[in-house]
Amino acid sequence: VMSSSSSSVLETEIFQYIDVHQSDFIEDLKEWVAVESDSVQPDRRKEVIRMMALAADRLAVLGATVNLVNLGSHQLPDGQDLPLPPVILGELGKDPQNPTVCFYGHVDVQPAKKEDGWKTDPYTLTEINGNLYGRGATDNKGPVLAWINAVETFRALKLAMPVNFKFVIEGMEEAGSLGLEKLLEEESQCFFSDVDYIVISDNLWLSTKKPALTYGSRGNACFSVEVECGDKDLHSGTFGGIIHEPMTDLIALLGSLVDPTGRIQVPGIYDSIAALTEEEKKLYESIEFDLEEHKNNSGVKKFLYGTKEEILLHLWRYPSLSIHGIEGAFHEPGIKTVIPAKVIGKFSIRQVPHMDLLVVKQQVVEHLEGVFSKRNSPNKLKVSMPLGAKPWLADVNDPLYKAARRAIKTVFGEDPDFIRDGSTIPVARMFQTVIQKSVMMFPIGAADDGEHSQNEKISRHNYIEGTKVFAAFFLEISKLH
């Protein structure tokens, strides 16, 4: 094990190399951003496949063994078959004395067009005021390259690799990671058999300045509630006032789900939520989070809660219910006096530990059936849960988090915030369930990077310091063993 003084001399040498080579690292990002690897639009699939080849080449240059795993094809709604991009399984180093860290990232992007409101061409990385603008800059090409740059730095300085590396890089994340889970299951006893830790860098800090480590995300249960009276729409002059209208039933059902304070009205839904411990409550006090800025970003006048702690608890720690829309209702401008024969309401519940998806489904069904039965309506009710993703939670006292925290302190000079994510990160949960090893989310992008949005960026500072923090992290992990 290295002494702390020799380790700091080493860090200085590594950080200097990264500083000196930052323009090379930015050129690499420019080359990657130029590939329109949009996995959402079928006509860009060839570009995604080209991007996978580019990433595979980059790992091969590092000296990694690279396997491009073919996942076959998938069928589009119009019936045509489209090839899935391969998934990269790469490995570098097989020293049995060293821990093995597996990095997950993706190199596909969300759609982007200049005319969507971009100040610059989305596929030409452009630096303005220290920010590197371009689609994929922060989500997720920048972080993937920062990790690769950090590994490359050890090679370039001819330093012994502090850990063994494995890479899982995919090209379908923005389209639902098709085929990934099956691959993980197939490889869990092979490629992943010697993996100790899994690191994902595919999210953002909560603040623009203060680093963060993410240790949890909410799940999501999507529901559809269908009310039907017959097989055709009716005229409100001929039938209005003499029938039970499906839309009226549906509005009552949707209106029964959540109260004006945001509390979910489904009985029993809060029963199994993990109790908030004092230790966890303390994590919220030091978190840097600008309530006013968050409010301005949303464009709303007022939130349901007035304090930072309450807001974050209700985003991360408690479930929420949102109503998303009604299918089958008349929604164009103007007046149409129609009674729709069948309407479908859509809503979702973001769940948290230790809510059980099947129990939640049962509670929702029972609640809606109860409300419906009191209406004495002859209409047909159908409640279903087409999609359910589970929440993910890691232990902030895990050695992996301690190592990352020390690396952040070394590079950024302060302790990170420990944060959760209010949305759902299926890949973290997928790795945790299938591979059964410690999973950590280690973001390097800042809160204002605008992933999926116009003018997506990563700052030069975050990209270069992020490269350093990954390098420092490798050294910290090697000290654990």
# chains A, B, ... in the order shown; residues from 1 in each chain; ligands from 1
$ select_by_dssp --residues "stretch 298-429 of chain A" --states "alpha helix (DSSP H)" --output "NGL selection string"
:A and (298 or 308-312 or 357-374 or 399-412 or 426-429)
$ write_last_selection --atoms "N, CA and C atoms" --output "tab-separated table (two decimals), in the first residue's frame"
chain	number	residue	atom	x	y	z
A	298	SER	N	-38.26	26.09	-13.19
A	298	SER	CA	-39.52	25.41	-13.45
A	298	SER	C	-40.57	26.37	-14.01
A	308	LYS	N	-35.64	23.82	1.81
A	308	LYS	CA	-34.77	22.94	1.01
A	308	LYS	C	-34.96	21.48	1.42
A	309	GLU	N	-34.94	21.23	2.75
A	309	GLU	CA	-35.05	19.84	3.24
A	309	GLU	C	-36.35	19.19	2.79
A	310	GLU	N	-37.46	19.92	2.98
A	310	GLU	CA	-38.78	19.36	2.61
A	310	GLU	C	-38.85	19.07	1.11
A	311	ILE	N	-38.33	20.01	0.31
A	311	ILE	CA	-38.36	19.84	-1.15
A	311	ILE	C	-37.57	18.59	-1.54
A	312	LEU	N	-36.35	18.46	-1.01
A	312	LEU	CA	-35.51	17.32	-1.40
A	312	LEU	C	-36.09	16.00	-0.90
A	357	LEU	N	-43.68	-3.24	-5.79
A	357	LEU	CA	-44.46	-2.93	-6.99
A	357	LEU	C	-45.80	-3.65	-7.04
A	358	LEU	N	-45.79	-4.94	-6.68
A	358	LEU	CA	-47.04	-5.71	-6.75
A	358	LEU	C	-48.05	-5.23	-5.71
A	359	VAL	N	-47.54	-4.86	-4.53
A	359	VAL	CA	-48.42	-4.34	-3.48
A	359	VAL	C	-49.00	-2.98	-3.92
A	360	VAL	N	-48.13	-2.13	-4.47
A	360	VAL	CA	-48.58	-0.81	-4.95
A	360	VAL	C	-49.68	-0.99	-5.99
A	361	LYS	N	-49.45	-1.91	-6.91
A	361	LYS	CA	-50.46	-2.16	-7.96
A	361	LYS	C	-51.79	-2.56	-7.34
A	362	GLN	N	-51.73	-3.49	-6.38
A	362	GLN	CA	-52.94	-3.97	-5.73
A	362	GLN	C	-53.66	-2.84	-4.99
A	363	GLN	N	-52.89	-1.99	-4.28
A	363	GLN	CA	-53.48	-0.87	-3.53
A	363	GLN	C	-54.18	0.11	-4.47
A	364	VAL	N	-53.54	0.39	-5.61
A	364	VAL	CA	-54.12	1.33	-6.58
A	364	VAL	C	-55.40	0.75	-7.18
A	365	VAL	N	-55.34	-0.52	-7.58
A	365	VAL	CA	-56.51	-1.17	-8.17
A	365	VAL	C	-57.68	-1.17	-7.19
A	366	GLU	N	-57.40	-1.57	-5.94
A	366	GLU	CA	-58.47	-1.61	-4.92
A	366	GLU	C	-59.07	-0.24	-4.68
A	367	HIS	N	-58.19	0.78	-4.61
A	367	HIS	CA	-58.67	2.14	-4.38
A	367	HIS	C	-59.58	2.60	-5.52
A	368	LEU	N	-59.12	2.42	-6.77
A	368	LEU	CA	-59.91	2.89	-7.91
A	368	LEU	C	-61.22	2.10	-8.05
A	369	GLU	N	-61.15	0.80	-7.80
A	369	GLU	CA	-62.38	0.00	-7.86
A	369	GLU	C	-63.37	0.44	-6.79
A	370	GLY	N	-62.86	0.79	-5.61
A	370	GLY	CA	-63.72	1.28	-4.52
A	370	GLY	C	-64.40	2.58	-4.89
A	371	VAL	N	-63.64	3.53	-5.42
A	371	VAL	CA	-64.20	4.83	-5.83
A	371	VAL	C	-65.25	4.61	-6.93
A	372	PHE	N	-64.92	3.74	-7.85
A	372	PHE	CA	-65.81	3.47	-9.00
A	372	PHE	C	-67.12	2.82	-8.56
A	373	SER	N	-67.01	1.87	-7.63
A	373	SER	CA	-68.23	1.16	-7.23
A	373	SER	C	-69.23	2.10	-6.54
A	374	LYS	N	-68.72	3.12	-5.82
A	374	LYS	CA	-69.62	4.08	-5.17
A	374	LYS	C	-70.38	4.93	-6.19
A	399	PRO	N	-17.32	1.16	1.20
A	399	PRO	CA	-15.93	1.58	0.90
A	399	PRO	C	-15.80	2.33	-0.43
A	400	LEU	N	-16.61	1.94	-1.40
A	400	LEU	CA	-16.57	2.57	-2.72
A	400	LEU	C	-16.88	4.07	-2.61
A	401	TYR	N	-17.89	4.40	-1.80
A	401	TYR	CA	-18.27	5.81	-1.60
A	401	TYR	C	-17.20	6.55	-0.81
A	402	LYS	N	-16.59	5.86	0.15
A	402	LYS	CA	-15.51	6.50	0.92
A	402	LYS	C	-14.33	6.84	0.01
A	403	ALA	N	-13.99	5.92	-0.89
A	403	ALA	CA	-12.88	6.15	-1.82
A	403	ALA	C	-13.20	7.34	-2.74
A	404	ALA	N	-14.42	7.39	-3.25
A	404	ALA	CA	-14.81	8.48	-4.15
A	404	ALA	C	-14.82	9.81	-3.42
A	405	ARG	N	-15.27	9.77	-2.17
A	405	ARG	CA	-15.31	10.99	-1.37
A	405	ARG	C	-13.90	11.56	-1.16
A	406	ARG	N	-12.95	10.65	-0.89
A	406	ARG	CA	-11.56	11.11	-0.70
A	406	ARG	C	-10.97	11.66	-2.00
A	407	ALA	N	-11.30	11.02	-3.12
A	407	ALA	CA	-10.81	11.51	-4.42
A	407	ALA	C	-11.36	12.91	-4.70
A	408	ILE	N	-12.63	13.12	-4.38
A	408	ILE	CA	-13.26	14.44	-4.60
A	408	ILE	C	-12.61	15.49	-3.71
A	409	LYS	N	-12.36	15.12	-2.46
A	409	LYS	CA	-11.70	16.05	-1.53
A	409	LYS	C	-10.32	16.45	-2.08
A	410	THR	N	-9.58	15.48	-2.62
A	410	THR	CA	-8.25	15.74	-3.17
A	410	THR	C	-8.31	16.71	-4.34
A	411	VAL	N	-9.26	16.50	-5.25
A	411	VAL	CA	-9.30	17.29	-6.49
A	411	VAL	C	-10.05	18.60	-6.31
A	412	PHE	N	-11.19	18.55	-5.64
A	412	PHE	CA	-12.04	19.75	-5.55
A	412	PHE	C	-11.88	20.50	-4.24
A	426	PRO	N	-32.75	3.11	-14.46
A	426	PRO	CA	-32.91	1.66	-14.52
A	426	PRO	C	-31.57	0.92	-14.52
A	427	VAL	N	-30.54	1.52	-15.12
A	427	VAL	CA	-29.29	0.78	-15.30
A	427	VAL	C	-28.59	0.52	-13.95
A	428	ALA	N	-28.71	1.45	-12.99
A	428	ALA	CA	-28.09	1.24	-11.67
A	428	ALA	C	-28.73	0.05	-10.98
A	429	ARG	N	-30.05	0.03	-11.03
A	429	ARG	CA	-30.80	-1.06	-10.41
A	429	ARG	C	-30.50	-2.39	-11.13
$ closest_atom_pairs --of "stretch 362-456 of chain A" --to "stretch 213-220 of chain A" --cutoff "9 Å" --atoms "only C-alpha atoms" --output "tab-separated table"
residue	atom	partner	partner_atom	distance
A:Leu387	CA	A:Asn220	CA	7.8
A:Gly388	CA	A:Asn220	CA	5.7
A:Ala389	CA	A:Asn220	CA	5.0
A:Lys390	CA	A:Gly219	CA	4.3
A:Pro391	CA	A:Gly219	CA	3.8
A:Trp392	CA	A:Gly216	CA	5.2
A:Leu393	CA	A:Gly216	CA	4.1
A:Ala394	CA	A:Tyr215	CA	5.0
A:Asp395	CA	A:Tyr215	CA	6.8
A:Val396	CA	A:Tyr215	CA	6.5
A:Tyr401	CA	A:Leu213	CA	7.8
A:Ala404	CA	A:Leu213	CA	8.0
A:Arg405	CA	A:Leu213	CA	7.9
A:Pro416	CA	A:Leu213	CA	6.4
A:Asp417	CA	A:Leu213	CA	6.3
A:Phe418	CA	A:Leu213	CA	5.1
A:Ile419	CA	A:Thr214	CA	4.8
A:Arg420	CA	A:Gly216	CA	4.6
A:Asp421	CA	A:Ser217	CA	4.5
A:Gly422	CA	A:Arg218	CA	5.5
A:Ser423	CA	A:Arg218	CA	5.6
A:Thr424	CA	A:Gly219	CA	5.2
A:Ile425	CA	A:Ser217	CA	6.3
A:Pro426	CA	A:Gly219	CA	8.1
A:Ala428	CA	A:Ser217	CA	8.7
A:Arg429	CA	A:Ser217	CA	8.9
A:Val439	CA	A:Tyr215	CA	8.7
A:Met440	CA	A:Tyr215	CA	6.7
A:Met441	CA	A:Thr214	CA	5.1
A:Phe442	CA	A:Leu213	CA	5.3
A:Pro443	CA	A:Leu213	CA	6.5
$ residues_around --residues "stretch 273-284 of chain A" --least-positions-apart "6" --cutoff "6 Å" --atoms "only C-alpha atoms" --output "list in words"
Pro353, His354 and Met355 of chain A
$ write_last_selection --atoms "N, CA and C atoms" --output "PDB file, in the first residue's frame"
ATOM      1  N   PRO A 353     -37.763   2.951  -1.671  1.00  0.00           N
ATOM      2  CA  PRO A 353     -37.630   1.781  -0.786  1.00  0.00           C
ATOM      3  C   PRO A 353     -38.576   1.967   0.407  1.00  0.00           C
ATOM      4  N   HIS A 354     -39.245   0.965   0.886  1.00  0.00           N
ATOM      5  CA  HIS A 354     -39.283  -0.441   0.543  1.00  0.00           C
ATOM      6  C   HIS A 354     -40.647  -0.775  -0.036  1.00  0.00           C
ATOM      7  N   MET A 355     -41.143   0.088  -0.900  1.00  0.00           N
ATOM      8  CA  MET A 355     -42.440  -0.160  -1.522  1.00  0.00           C
ATOM      9  C   MET A 355     -42.299  -1.329  -2.497  1.00  0.00           C
TER      10      MET A 355
END
$ residues_around --residues "A:Leu132" --least-positions-apart "6" --cutoff "12 Å" --atoms "only C-alpha atoms" --output "CSV table (one decimal) with N, CA, C and O atoms, in the first residue's frame"
chain,number,residue,atom,x,y,z
A,23,SER,N,-6.1,20.1,-24.0
A,23,SER,CA,-6.6,20.4,-25.4
A,23,SER,C,-6.8,19.1,-26.2
A,23,SER,O,-7.7,19.0,-27.0
A,25,PHE,N,-7.6,16.2,-24.9
A,25,PHE,CA,-8.9,15.6,-24.4
A,25,PHE,C,-10.1,16.3,-25.0
A,25,PHE,O,-11.1,15.6,-25.2
A,26,ILE,N,-10.0,17.6,-25.2
A,26,ILE,CA,-11.2,18.3,-25.7
A,26,ILE,C,-11.3,18.0,-27.2
A,26,ILE,O,-12.4,17.8,-27.7
A,27,GLU,N,-10.2,17.8,-27.9
A,27,GLU,CA,-10.3,17.4,-29.3
A,27,GLU,C,-11.0,16.0,-29.5
A,27,GLU,O,-11.7,15.8,-30.4
A,29,LEU,N,-13.2,14.8,-27.5
A,29,LEU,CA,-14.6,15.0,-27.2
A,29,LEU,C,-15.3,15.6,-28.5
A,29,LEU,O,-16.4,15.2,-28.8
A,30,LYS,N,-14.5,16.5,-29.1
A,30,LYS,CA,-15.1,17.1,-30.3
A,30,LYS,C,-15.3,16.0,-31.4
A,30,LYS,O,-16.4,16.0,-32.1
A,33,VAL,N,-18.4,14.0,-30.3
A,33,VAL,CA,-19.7,14.8,-30.4
A,33,VAL,C,-20.1,14.9,-31.9
A,33,VAL,O,-21.3,15.0,-32.2
A,120,THR,N,-25.5,27.0,-31.1
A,120,THR,CA,-24.4,26.5,-31.9
A,120,THR,C,-24.9,25.2,-32.6
A,120,THR,O,-26.0,24.7,-32.3
A,121,ASP,N,-24.1,24.7,-33.6
A,121,ASP,CA,-24.5,23.5,-34.2
A,121,ASP,C,-24.3,22.4,-33.1
A,121,ASP,O,-23.3,22.2,-32.5
A,122,PRO,N,-25.4,21.6,-32.9
A,122,PRO,CA,-25.3,20.6,-31.8
A,122,PRO,C,-24.2,19.5,-31.9
A,122,PRO,O,-23.8,19.0,-30.9
A,123,TYR,N,-23.8,19.3,-33.2
A,123,TYR,CA,-22.8,18.2,-33.4
A,123,TYR,C,-21.4,18.8,-33.7
A,123,TYR,O,-20.5,18.1,-34.1
A,124,THR,N,-21.2,20.1,-33.4
A,124,THR,CA,-19.9,20.7,-33.4
A,124,THR,C,-19.6,21.2,-32.1
A,124,THR,O,-20.2,22.2,-31.6
A,125,LEU,N,-18.7,20.5,-31.3
A,125,LEU,CA,-18.3,21.0,-30.0
A,125,LEU,C,-17.8,22.4,-30.0
A,125,LEU,O,-16.8,22.6,-30.8
A,126,THR,N,-18.4,23.3,-29.3
A,126,THR,CA,-18.0,24.7,-29.4
A,126,THR,C,-17.8,25.2,-28.0
A,126,THR,O,-18.7,25.1,-27.1
A,138,THR,N,-22.3,16.2,-22.0
A,138,THR,CA,-22.4,15.8,-20.6
A,138,THR,C,-23.1,14.4,-20.5
A,138,THR,O,-22.9,13.7,-19.6
A,141,LYS,N,-21.1,11.3,-23.5
A,141,LYS,CA,-19.7,11.2,-24.1
A,141,LYS,C,-18.6,11.8,-23.3
A,141,LYS,O,-17.5,11.2,-23.2
A,142,GLY,N,-18.9,12.9,-22.7
A,142,GLY,CA,-17.9,13.6,-21.9
A,142,GLY,C,-17.4,12.7,-20.7
A,142,GLY,O,-16.2,12.5,-20.5
A,445,GLY,N,-20.8,16.0,-14.2
A,445,GLY,CA,-21.5,17.1,-14.8
A,445,GLY,C,-22.1,18.0,-13.8
A,445,GLY,O,-22.5,17.5,-12.7
A,449,ASP,N,-26.0,21.6,-16.9
A,449,ASP,CA,-25.5,21.1,-18.1
A,449,ASP,C,-26.5,20.9,-19.2
A,449,ASP,O,-26.2,20.8,-20.4
A,450,GLY,N,-27.8,20.8,-18.8
A,450,GLY,CA,-28.9,20.7,-19.8
A,450,GLY,C,-28.9,19.5,-20.6
A,450,GLY,O,-29.1,19.5,-21.8
A,455,ASN,N,-28.7,23.4,-26.2
A,455,ASN,CA,-27.5,23.9,-25.7
A,455,ASN,C,-26.9,23.1,-24.5
A,455,ASN,O,-26.4,23.6,-23.6
A,456,GLU,N,-27.0,21.8,-24.7
A,456,GLU,CA,-26.3,20.9,-23.7
A,456,GLU,C,-24.8,21.2,-23.7
A,456,GLU,O,-24.2,21.5,-24.7
A,457,LYS,N,-24.2,21.1,-22.5
A,457,LYS,CA,-22.8,21.4,-22.4
A,457,LYS,C,-22.2,20.7,-21.2
A,457,LYS,O,-22.9,20.2,-20.3
A,458,ILE,N,-20.9,20.6,-21.2
A,458,ILE,CA,-20.1,20.3,-20.0
A,458,ILE,C,-19.1,21.4,-19.9
A,458,ILE,O,-18.6,21.9,-21.0
A,459,SER,N,-18.8,21.9,-18.7
A,459,SER,CA,-17.7,22.9,-18.7
A,459,SER,C,-16.4,22.3,-18.8
A,459,SER,O,-16.2,21.1,-18.5
A,460,ARG,N,-15.4,23.1,-19.4
A,460,ARG,CA,-14.0,22.6,-19.5
A,460,ARG,C,-13.5,22.2,-18.1
A,460,ARG,O,-12.9,21.1,-17.9
A,461,HIS,N,-13.9,23.0,-17.1
A,461,HIS,CA,-13.5,22.7,-15.7
A,461,HIS,C,-13.9,21.3,-15.3
A,461,HIS,O,-13.2,20.5,-14.8
A,462,ASN,N,-15.2,21.0,-15.5
A,462,ASN,CA,-15.8,19.8,-15.0
A,462,ASN,C,-15.2,18.6,-15.8
A,462,ASN,O,-15.0,17.5,-15.2
A,463,TYR,N,-15.0,18.8,-17.1
A,463,TYR,CA,-14.5,17.7,-17.9
A,463,TYR,C,-13.0,17.4,-17.5
A,463,TYR,O,-12.7,16.2,-17.3
A,464,ILE,N,-12.2,18.4,-17.3
A,464,ILE,CA,-10.8,18.2,-17.0
A,464,ILE,C,-10.6,17.8,-15.5
A,464,ILE,O,-9.9,16.8,-15.2
$ residues_around --residues "A:Phe330" --least-positions-apart "4" --cutoff "8 Å" --atoms "only C-alpha atoms" --output "list in words"
Lys336, Val338 and Pro340 of chain A
$ write_last_selection --atoms "N, CA and C atoms" --output "CSV table (one decimal), in the first residue's frame"
chain,number,residue,atom,x,y,z
A,336,LYS,N,-66.6,20.7,-29.6
A,336,LYS,CA,-67.1,19.5,-30.2
A,336,LYS,C,-68.0,18.8,-29.1
A,338,VAL,N,-69.2,16.1,-28.0
A,338,VAL,CA,-69.1,14.6,-28.1
A,338,VAL,C,-69.0,14.0,-26.8
A,340,PRO,N,-67.2,10.9,-25.4
A,340,PRO,CA,-66.3,9.8,-25.9
A,340,PRO,C,-66.7,8.5,-25.2
$ closest_atom_pairs --of "stretch 101-211 of chain A" --to "stretch 43-51 of chain A" --cutoff "9 Å" --atoms "only C-alpha atoms" --output "JSON lines"
{"residue": "A:Val107", "atom": "CA", "partner": "A:Met51", "partner_atom": "CA", "distance": 7.0}
{"residue": "A:Asp108", "atom": "CA", "partner": "A:Val48", "partner_atom": "CA", "distance": 6.2}
{"residue": "A:Val109", "atom": "CA", "partner": "A:Val48", "partner_atom": "CA", "distance": 8.8}
{"residue": "A:Gly171", "atom": "CA", "partner": "A:Val48", "partner_atom": "CA", "distance": 6.3}
{"residue": "A:Met172", "atom": "CA", "partner": "A:Val48", "partner_atom": "CA", "distance": 8.5}
$ write_last_selection --atoms "all heavy atoms" --output "mmCIF file, in the first residue's frame"
data_model
loop_
_atom_site.group_PDB
_atom_site.id
_atom_site.type_symbol
_atom_site.label_atom_id
_atom_site.label_comp_id
_atom_site.auth_asym_id
_atom_site.auth_seq_id
_atom_site.Cartn_x
_atom_site.Cartn_y
_atom_site.Cartn_z
ATOM 1 N N VAL A 107 -22.771 5.885 -25.372
ATOM 2 C CA VAL A 107 -22.289 6.868 -26.352
ATOM 3 C C VAL A 107 -23.373 7.242 -27.378
ATOM 4 O O VAL A 107 -23.081 7.872 -28.378
ATOM 5 C CB VAL A 107 -21.000 6.377 -27.067
ATOM 6 C CG1 VAL A 107 -19.823 6.391 -26.099
ATOM 7 C CG2 VAL A 107 -21.182 4.988 -27.658
ATOM 8 N N ASP A 108 -24.614 6.823 -27.102
ATOM 9 C CA ASP A 108 -25.729 7.315 -27.930
ATOM 10 C C ASP A 108 -26.278 8.589 -27.298
ATOM 11 O O ASP A 108 -26.016 8.876 -26.123
ATOM 12 C CB ASP A 108 -26.824 6.252 -28.060
ATOM 13 C CG ASP A 108 -27.433 5.856 -26.722
ATOM 14 O OD1 ASP A 108 -26.660 5.565 -25.775
ATOM 15 O OD2 ASP A 108 -28.672 5.834 -26.593
ATOM 16 N N VAL A 109 -27.008 9.360 -28.092
ATOM 17 C CA VAL A 109 -27.513 10.654 -27.613
ATOM 18 C C VAL A 109 -28.996 10.823 -27.944
ATOM 19 O O VAL A 109 -29.559 10.092 -28.756
ATOM 20 C CB VAL A 109 -26.729 11.842 -28.232
ATOM 21 C CG1 VAL A 109 -25.273 11.830 -27.787
ATOM 22 C CG2 VAL A 109 -26.846 11.853 -29.761
ATOM 23 N N GLY A 171 -24.984 1.590 -26.760
ATOM 24 C CA GLY A 171 -25.443 2.614 -27.701
ATOM 25 C C GLY A 171 -26.952 2.703 -27.807
ATOM 26 O O GLY A 171 -27.480 3.221 -28.789
ATOM 27 N N MET A 172 -27.681 2.216 -26.786
ATOM 28 C CA MET A 172 -29.144 2.277 -26.828
ATOM 29 C C MET A 172 -29.749 2.838 -25.535
ATOM 30 O O MET A 172 -30.938 2.667 -25.298
ATOM 31 C CB MET A 172 -29.733 0.881 -27.092
ATOM 32 C CG MET A 172 -29.676 0.413 -28.527
ATOM 33 S SD MET A 172 -30.530 1.475 -29.725
ATOM 34 C CE MET A 172 -32.223 0.937 -29.505
#
$ atom_distance --atom1 "atom CA of A:His324" --atom2 "atom CA of A:His106"
28.3 Å
$ closest_residue --among "A:Lys166, A:Lys94, A:Lys119, A:Lys182" --to "A:Leu59" --atoms "only C-alpha atoms"
A:Lys166
$ residues_around --residues "A:Gln16" --least-positions-apart "5" --cutoff "12 Å" --atoms "only C-alpha atoms" --output "list in words"
Val9, Leu10, Glu11, His21, Gln22, Thr153, Leu157, Ile464, Glu465, Thr467, Lys468 and Ala471 of chain A
$ write_last_selection --atoms "all heavy atoms" --output "CSV table (one decimal), in the first residue's frame"
chain,number,residue,atom,x,y,z
A,9,VAL,N,2.6,12.7,-4.3
A,9,VAL,CA,3.6,13.0,-5.4
A,9,VAL,C,3.1,12.4,-6.7
A,9,VAL,O,3.1,13.1,-7.8
A,9,VAL,CB,5.0,12.4,-5.1
A,9,VAL,CG1,5.9,12.5,-6.3
A,9,VAL,CG2,5.6,13.1,-3.8
A,10,LEU,N,2.6,11.2,-6.7
A,10,LEU,CA,2.0,10.6,-7.8
A,10,LEU,C,0.8,11.3,-8.4
A,10,LEU,O,0.7,11.6,-9.6
A,10,LEU,CB,1.6,9.1,-7.4
A,10,LEU,CG,1.2,8.2,-8.6
A,10,LEU,CD1,2.3,8.1,-9.6
A,10,LEU,CD2,0.9,6.8,-8.0
A,11,GLU,N,0.0,11.8,-7.5
A,11,GLU,CA,-1.2,12.5,-7.9
A,11,GLU,C,-0.8,13.8,-8.6
A,11,GLU,O,-1.4,14.2,-9.6
A,11,GLU,CB,-2.1,12.9,-6.7
A,11,GLU,CG,-3.1,11.8,-6.3
A,11,GLU,CD,-3.6,11.9,-4.9
A,11,GLU,OE1,-3.2,12.8,-4.2
A,11,GLU,OE2,-4.5,11.0,-4.6
A,21,HIS,N,-2.4,18.1,-21.1
A,21,HIS,CA,-3.1,17.5,-22.3
A,21,HIS,C,-4.5,17.8,-22.5
A,21,HIS,O,-5.2,17.1,-23.2
A,21,HIS,CB,-2.8,16.0,-22.2
A,21,HIS,CG,-1.4,15.6,-22.5
A,21,HIS,ND1,-0.5,15.6,-21.5
A,21,HIS,CD2,-0.8,15.2,-23.6
A,21,HIS,CE1,0.7,15.2,-22.0
A,21,HIS,NE2,0.6,15.0,-23.3
A,22,GLN,N,-5.0,18.9,-21.8
A,22,GLN,CA,-6.4,19.1,-21.8
A,22,GLN,C,-6.9,19.4,-23.2
A,22,GLN,O,-8.0,19.0,-23.6
A,22,GLN,CB,-6.9,20.1,-20.8
A,22,GLN,CG,-6.2,21.5,-20.7
A,22,GLN,CD,-6.8,22.3,-19.6
A,22,GLN,OE1,-8.0,22.6,-19.7
A,22,GLN,NE2,-6.0,22.7,-18.6
A,153,THR,N,-3.9,8.3,-18.9
A,153,THR,CA,-2.9,9.0,-18.2
A,153,THR,C,-1.9,8.1,-17.5
A,153,THR,O,-0.7,8.3,-17.5
A,153,THR,CB,-3.5,10.0,-17.2
A,153,THR,OG1,-4.3,11.0,-17.9
A,153,THR,CG2,-2.5,10.8,-16.4
A,157,LEU,N,2.1,7.8,-18.6
A,157,LEU,CA,3.2,8.1,-17.6
A,157,LEU,C,3.9,6.8,-17.2
A,157,LEU,O,4.8,6.8,-16.3
A,157,LEU,CB,2.6,8.7,-16.3
A,157,LEU,CG,2.1,10.2,-16.5
A,157,LEU,CD1,1.3,10.6,-15.3
A,157,LEU,CD2,3.2,11.1,-16.8
A,464,ILE,N,-12.2,18.4,-17.3
A,464,ILE,CA,-10.8,18.2,-17.0
A,464,ILE,C,-10.6,17.8,-15.5
A,464,ILE,O,-9.9,16.8,-15.2
A,464,ILE,CB,-9.9,19.4,-17.3
A,464,ILE,CG1,-10.0,19.7,-18.8
A,464,ILE,CG2,-8.5,19.2,-16.9
A,464,ILE,CD1,-9.6,18.6,-19.8
A,465,GLU,N,-11.3,18.5,-14.6
A,465,GLU,CA,-11.2,18.1,-13.2
A,465,GLU,C,-11.9,16.7,-13.0
A,465,GLU,O,-11.5,15.9,-12.1
A,465,GLU,CB,-11.9,19.1,-12.3
A,465,GLU,CG,-11.2,20.5,-12.3
A,465,GLU,CD,-9.7,20.5,-12.1
A,465,GLU,OE1,-9.3,20.1,-11.0
A,465,GLU,OE2,-9.0,20.9,-13.0
A,467,THR,N,-11.7,14.3,-15.1
A,467,THR,CA,-10.7,13.3,-15.5
A,467,THR,C,-9.7,13.1,-14.3
A,467,THR,O,-9.4,11.9,-14.0
A,467,THR,CB,-9.9,13.8,-16.7
A,467,THR,OG1,-10.9,14.0,-17.8
A,467,THR,CG2,-8.8,12.9,-17.1
A,468,LYS,N,-9.4,14.2,-13.6
A,468,LYS,CA,-8.5,14.0,-12.5
A,468,LYS,C,-9.1,13.3,-11.3
A,468,LYS,O,-8.5,12.4,-10.7
A,468,LYS,CB,-8.1,15.4,-11.9
A,468,LYS,CG,-7.2,16.2,-12.8
A,468,LYS,CD,-6.9,17.6,-12.2
A,468,LYS,CE,-6.2,18.5,-13.2
A,468,LYS,NZ,-6.1,19.9,-12.6
A,471,ALA,N,-9.0,9.6,-11.9
A,471,ALA,CA,-7.6,9.1,-11.7
A,471,ALA,C,-7.3,9.0,-10.2
A,471,ALA,O,-6.7,8.0,-9.8
A,471,ALA,CB,-6.6,10.0,-12.4
